[in-house]
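Quick notes on the structure that follows.
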Amino acid sequence: MEEVKVVVAHDERATLRVGDVFLKIDADQTRIDVEVEAMALAPIPTPQVLWRKPPVLALAAVPGVALGRLGEPSPVSAAAWAAAGAAVRALHDAPLPPWPGRRLDELVSRLDGECEALVTSGVLPAELVARNREVAEAALRPWKPVFIHGDLQLTHMFVDDDDTITGVIDWSEAAQGDALYDLAVLTLGHEEHLDDVVAGYGADVDRDVIRGWWSWRSLVAARWLAEHGFDPAEPGCEFDVLRARM
C-alpha cells in the first residue's frame, strides 16, 4: 500500500500525499472553486485535476523540485529563479480572472489590526512592528490589477534539472491583484535571488514596493503561523525578514 503523508494540516484545511496523488481537503469550498478555475485559466503549468468530490480535490503530483524552503538555502540555480520570474510574468500578462481580489482598504485594515495585536500580545517589540509598518506603506498604494497567484511561496513553484518550470501549485488565493505582491512572496526570505527573478520577469520593478510587501506579508502572517503550528521565529523566516528592515 502507498504511504499516506500529511503535507500540511490545520483547522481550516489539510493536504495529504498518497503516492503521486495529492488530496486537498478544505472546509471552505469557495477556495477549492477558485483553485480549480484559476488552474484552468493560468497560462503556466499547473497540477492535473484527477477528480473532485467535495470537500476533497485530488491533484496529480508535479514533477521536479520546489525552488526552496523559507529559512533554507535554495537548491536550484540562478537560471531556475530567472525561469520562475518569466513564468510569473506570463501569468501577469494573461487576461484577468473574473473575480476580484482584496481591496486596498481591506489590506490596510488587516495590517493595522495585526500590528496592534502583535504589540499588545508582546509577540514582537513595538519598535520592530512600527518600523515594518512604515516600510509596508510603500506597498499600500493603487496598482493596475493583474492575474496574480496570491500565495506564490517558493515551495509552490517547481522546476526540473533543465531549469524549466514544471508546475505551480496551491491556487486558492488567485485573484486580481498587485503584480509586485507575487514577486515579493516568491522572494520572501530569499532576497539574494530577487535580481534573478526580476531579470526573468523582464520589467523594471519598484524594489521599495517589494520590500513593503515583504514587511506586510510577514506582519500579517506572524500570528496566524504561530496559532497553526508554524514558527515564524525560525532562522530565515518571517521574524528575521522583519528584523532585516531595521
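Ordered as shown in the C-alpha cells, chains take letters A, B, and onward, while each chain numbers its residues from 1 and ligands are numbered from 1 in the order shown.
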
Long-range neighbours of stretch 189-194 of chain A as a CSV table (one decimal) with C-alpha atoms, in the first residue's frame, 9 Å cut-off, only C-alpha atoms, 4 positions minimum in chain:
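Below you can see around-v4.csv, which holds the result:
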chain,number,residue,atom,x,y,z
A,70,LEU,CA,11.8,29.5,3.8
A,71,GLY,CA,14.8,29.6,6.2
A,72,GLU,CA,16.9,27.2,4.0
A,73,PRO,CA,19.3,27.9,1.1
A,74,SER,CA,17.7,27.3,-2.3
A,78,ALA,CA,20.0,31.3,-10.7
A,81,TRP,CA,15.0,31.6,-10.4
A,82,ALA,CA,15.0,33.6,-13.6
A,183,LEU,CA,7.2,38.8,-6.8
A,184,ALA,CA,7.6,39.7,-3.1
A,185,VAL,CA,6.0,36.5,-1.8
A,198,VAL,CA,13.5,40.4,-11.9
A,199,ALA,CA,15.8,39.5,-14.8
A,214,TRP,CA,7.8,41.6,2.5
A,236,GLY,CA,15.5,33.0,8.0
A,237,CYS,CA,11.7,33.1,8.4
A,238,GLU,CA,9.2,35.9,9.0
A,240,ASP,CA,14.2,37.6,10.5
A,241,VAL,CA,12.6,39.2,7.4

Quick one: everything within 10 Å of A:Lys144, counting only C-alpha atoms, minus sequence neighbours fewer than 4 positions away in the same chain. Send it as number ranges by chain. A: 176-179

So which bits of stretch 124-153 of chain A end up helix (DSSP H, G or I) when you DSSP the backbone, as a VMD selection string? chain A and resid 126 to 139

Please save N, CA, C and O atoms of the selected residues as an mmCIF file, in the first residue's frame.
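Result written to selection-v2.cif:
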data_model
loop_
_atom_site.group_PDB
_atom_site.id
_atom_site.type_symbol
_atom_site.label_atom_id
_atom_site.label_comp_id
_atom_site.auth_asym_id
_atom_site.auth_seq_id
_atom_site.Cartn_x
_atom_site.Cartn_y
_atom_site.Cartn_z
ATOM 1 N N ALA A 126 7.552 46.674 19.966
ATOM 2 C CA ALA A 126 6.763 47.725 19.332
ATOM 3 C C ALA A 126 7.564 48.458 18.263
ATOM 4 O O ALA A 126 7.025 48.823 17.206
ATOM 5 N N GLU A 127 8.856 48.692 18.524
ATOM 6 C CA GLU A 127 9.650 49.440 17.545
ATOM 7 C C GLU A 127 9.867 48.646 16.259
ATOM 8 O O GLU A 127 9.923 49.223 15.160
ATOM 9 N N LEU A 128 9.960 47.309 16.378
ATOM 10 C CA LEU A 128 10.111 46.467 15.187
ATOM 11 C C LEU A 128 8.828 46.486 14.363
ATOM 12 O O LEU A 128 8.871 46.594 13.129
ATOM 13 N N VAL A 129 7.702 46.408 15.031
ATOM 14 C CA VAL A 129 6.416 46.458 14.332
ATOM 15 C C VAL A 129 6.225 47.821 13.684
ATOM 16 O O VAL A 129 5.828 47.918 12.512
ATOM 17 N N ALA A 130 6.533 48.890 14.402
ATOM 18 C CA ALA A 130 6.346 50.241 13.871
ATOM 19 C C ALA A 130 7.218 50.481 12.647
ATOM 20 O O ALA A 130 6.768 51.074 11.658
ATOM 21 N N ARG A 131 8.460 50.025 12.699
ATOM 22 C CA ARG A 131 9.358 50.225 11.562
ATOM 23 C C ARG A 131 8.851 49.490 10.340
ATOM 24 O O ARG A 131 8.825 50.037 9.228
ATOM 25 N N ASN A 132 8.406 48.253 10.518
ATOM 26 C CA ASN A 132 7.928 47.490 9.371
ATOM 27 C C ASN A 132 6.580 47.990 8.880
ATOM 28 O O ASN A 132 6.287 47.893 7.682
ATOM 29 N N ARG A 133 5.755 48.526 9.777
ATOM 30 C CA ARG A 133 4.508 49.161 9.319
ATOM 31 C C ARG A 133 4.832 50.345 8.420
ATOM 32 O O ARG A 133 4.159 50.574 7.410
ATOM 33 N N GLU A 134 5.887 51.072 8.753
ATOM 34 C CA GLU A 134 6.342 52.200 7.936
ATOM 35 C C GLU A 134 6.841 51.709 6.568
ATOM 36 O O GLU A 134 6.517 52.288 5.528
ATOM 37 N N VAL A 135 7.632 50.641 6.574
ATOM 38 C CA VAL A 135 8.142 50.081 5.315
ATOM 39 C C VAL A 135 6.996 49.585 4.441
ATOM 40 O O VAL A 135 6.982 49.784 3.213
ATOM 41 N N ALA A 136 5.995 48.958 5.063
ATOM 42 C CA ALA A 136 4.857 48.405 4.320
ATOM 43 C C ALA A 136 4.056 49.480 3.611
ATOM 44 O O ALA A 136 3.368 49.197 2.619
ATOM 45 N N GLU A 137 4.147 50.702 4.079
ATOM 46 C CA GLU A 137 3.375 51.794 3.469
ATOM 47 C C GLU A 137 3.678 51.938 1.981
ATOM 48 O O GLU A 137 2.801 52.326 1.195
ATOM 49 N N ALA A 138 4.906 51.613 1.573
ATOM 50 C CA ALA A 138 5.273 51.737 0.156
ATOM 51 C C ALA A 138 4.425 50.833 -0.733
ATOM 52 O O ALA A 138 4.192 51.142 -1.909
ATOM 53 N N ALA A 139 3.972 49.700 -0.200
ATOM 54 C CA ALA A 139 3.174 48.760 -0.990
ATOM 55 C C ALA A 139 1.700 49.141 -1.028
ATOM 56 O O ALA A 139 0.967 48.705 -1.928
#

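The shortest atom-to-atom distance to A:Leu107, with only C-alpha atoms taken into account, belongs to A:Trp216 out of A:Trp143, A:Phe239, A:Trp216, A:Phe22.
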
A:Gly167: which residues within 8 Å, counting only C-alpha atoms, same-chain residues fewer than 2 positions away excluded, as a VMD selection string? chain A and resid 44 to 47 62 to 63 157 to 159 165 169

Resulting file, chosen residues, N, CA and C atoms, as a PDB file, in the first residue's frame:
ATOM      1  N   ILE A  44       0.396  28.979 -17.396  1.00  0.00           N
ATOM      2  CA  ILE A  44       1.638  28.325 -16.985  1.00  0.00           C
ATOM      3  C   ILE A  44       1.295  26.943 -16.441  1.00  0.00           C
ATOM      4  N   PRO A  45       2.281  26.042 -16.314  1.00  0.00           N
ATOM      5  CA  PRO A  45       1.970  24.675 -15.879  1.00  0.00           C
ATOM      6  C   PRO A  45       1.345  24.620 -14.483  1.00  0.00           C
ATOM      7  N   THR A  46       0.311  23.813 -14.342  1.00  0.00           N
ATOM      8  CA  THR A  46      -0.378  23.619 -13.071  1.00  0.00           C
ATOM      9  C   THR A  46      -0.635  22.126 -12.882  1.00  0.00           C
ATOM     10  N   PRO A  47      -0.975  21.694 -11.668  1.00  0.00           N
ATOM     11  CA  PRO A  47      -1.253  20.271 -11.462  1.00  0.00           C
ATOM     12  C   PRO A  47      -2.496  19.813 -12.236  1.00  0.00           C
ATOM     13  N   VAL A  62       3.264  17.257  -9.115  1.00  0.00           N
ATOM     14  CA  VAL A  62       4.024  17.997 -10.115  1.00  0.00           C
ATOM     15  C   VAL A  62       5.460  17.480 -10.101  1.00  0.00           C
ATOM     16  N   PRO A  63       6.052  17.198 -11.255  1.00  0.00           N
ATOM     17  CA  PRO A  63       7.446  16.736 -11.263  1.00  0.00           C
ATOM     18  C   PRO A  63       8.423  17.846 -10.901  1.00  0.00           C
ATOM     19  N   MET A 157       6.325  26.593  -6.347  1.00  0.00           N
ATOM     20  CA  MET A 157       6.791  26.590  -7.740  1.00  0.00           C
ATOM     21  C   MET A 157       7.872  25.514  -7.904  1.00  0.00           C
ATOM     22  N   PHE A 158       7.701  24.664  -8.934  1.00  0.00           N
ATOM     23  CA  PHE A 158       8.592  23.524  -9.142  1.00  0.00           C
ATOM     24  C   PHE A 158       9.368  23.665 -10.447  1.00  0.00           C
ATOM     25  N   VAL A 159      10.589  23.131 -10.433  1.00  0.00           N
ATOM     26  CA  VAL A 159      11.494  23.263 -11.567  1.00  0.00           C
ATOM     27  C   VAL A 159      12.209  21.934 -11.773  1.00  0.00           C
ATOM     28  N   ILE A 165      10.256  25.452 -15.555  1.00  0.00           N
ATOM     29  CA  ILE A 165       9.184  25.404 -14.569  1.00  0.00           C
ATOM     30  C   ILE A 165       8.222  24.279 -14.942  1.00  0.00           C
ATOM     31  N   ILE A 169       1.657  25.253  -7.803  1.00  0.00           N
ATOM     32  CA  ILE A 169       0.576  24.635  -7.045  1.00  0.00           C
ATOM     33  C   ILE A 169      -0.101  25.649  -6.118  1.00  0.00           C
TER      34      ILE A 169
END

Using only C-alpha atoms, which of the listed residues (A:Ala221, A:Leu104, A:Ala87, A:Cys115) sits closest to A:His149?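 For A:His149, the nearest of the given residues is A:Ala87.
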
Set the distance at 7 Å and use only C-alpha atoms: which residues neighbour A:Lys24 once local chain neighbours fewer than 4 positions away are removed? I'd like the list as a list of chain:residue names. A:Ala14, A:Thr15, A:Leu16, A:Val56, A:Leu57, A:Ala58

Got a sec: who's within 8 Å of stretch 19-21 of chain A, counting only C-alpha atoms, leaving out chain neighbours fewer than 5 positions off, as an MDAnalysis selection string? chainID A and resid 2:4 58:61

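Across the structure, atom CA of A:Gly64 and atom CA of A:Gln29 are spaced 28.6 Å apart.
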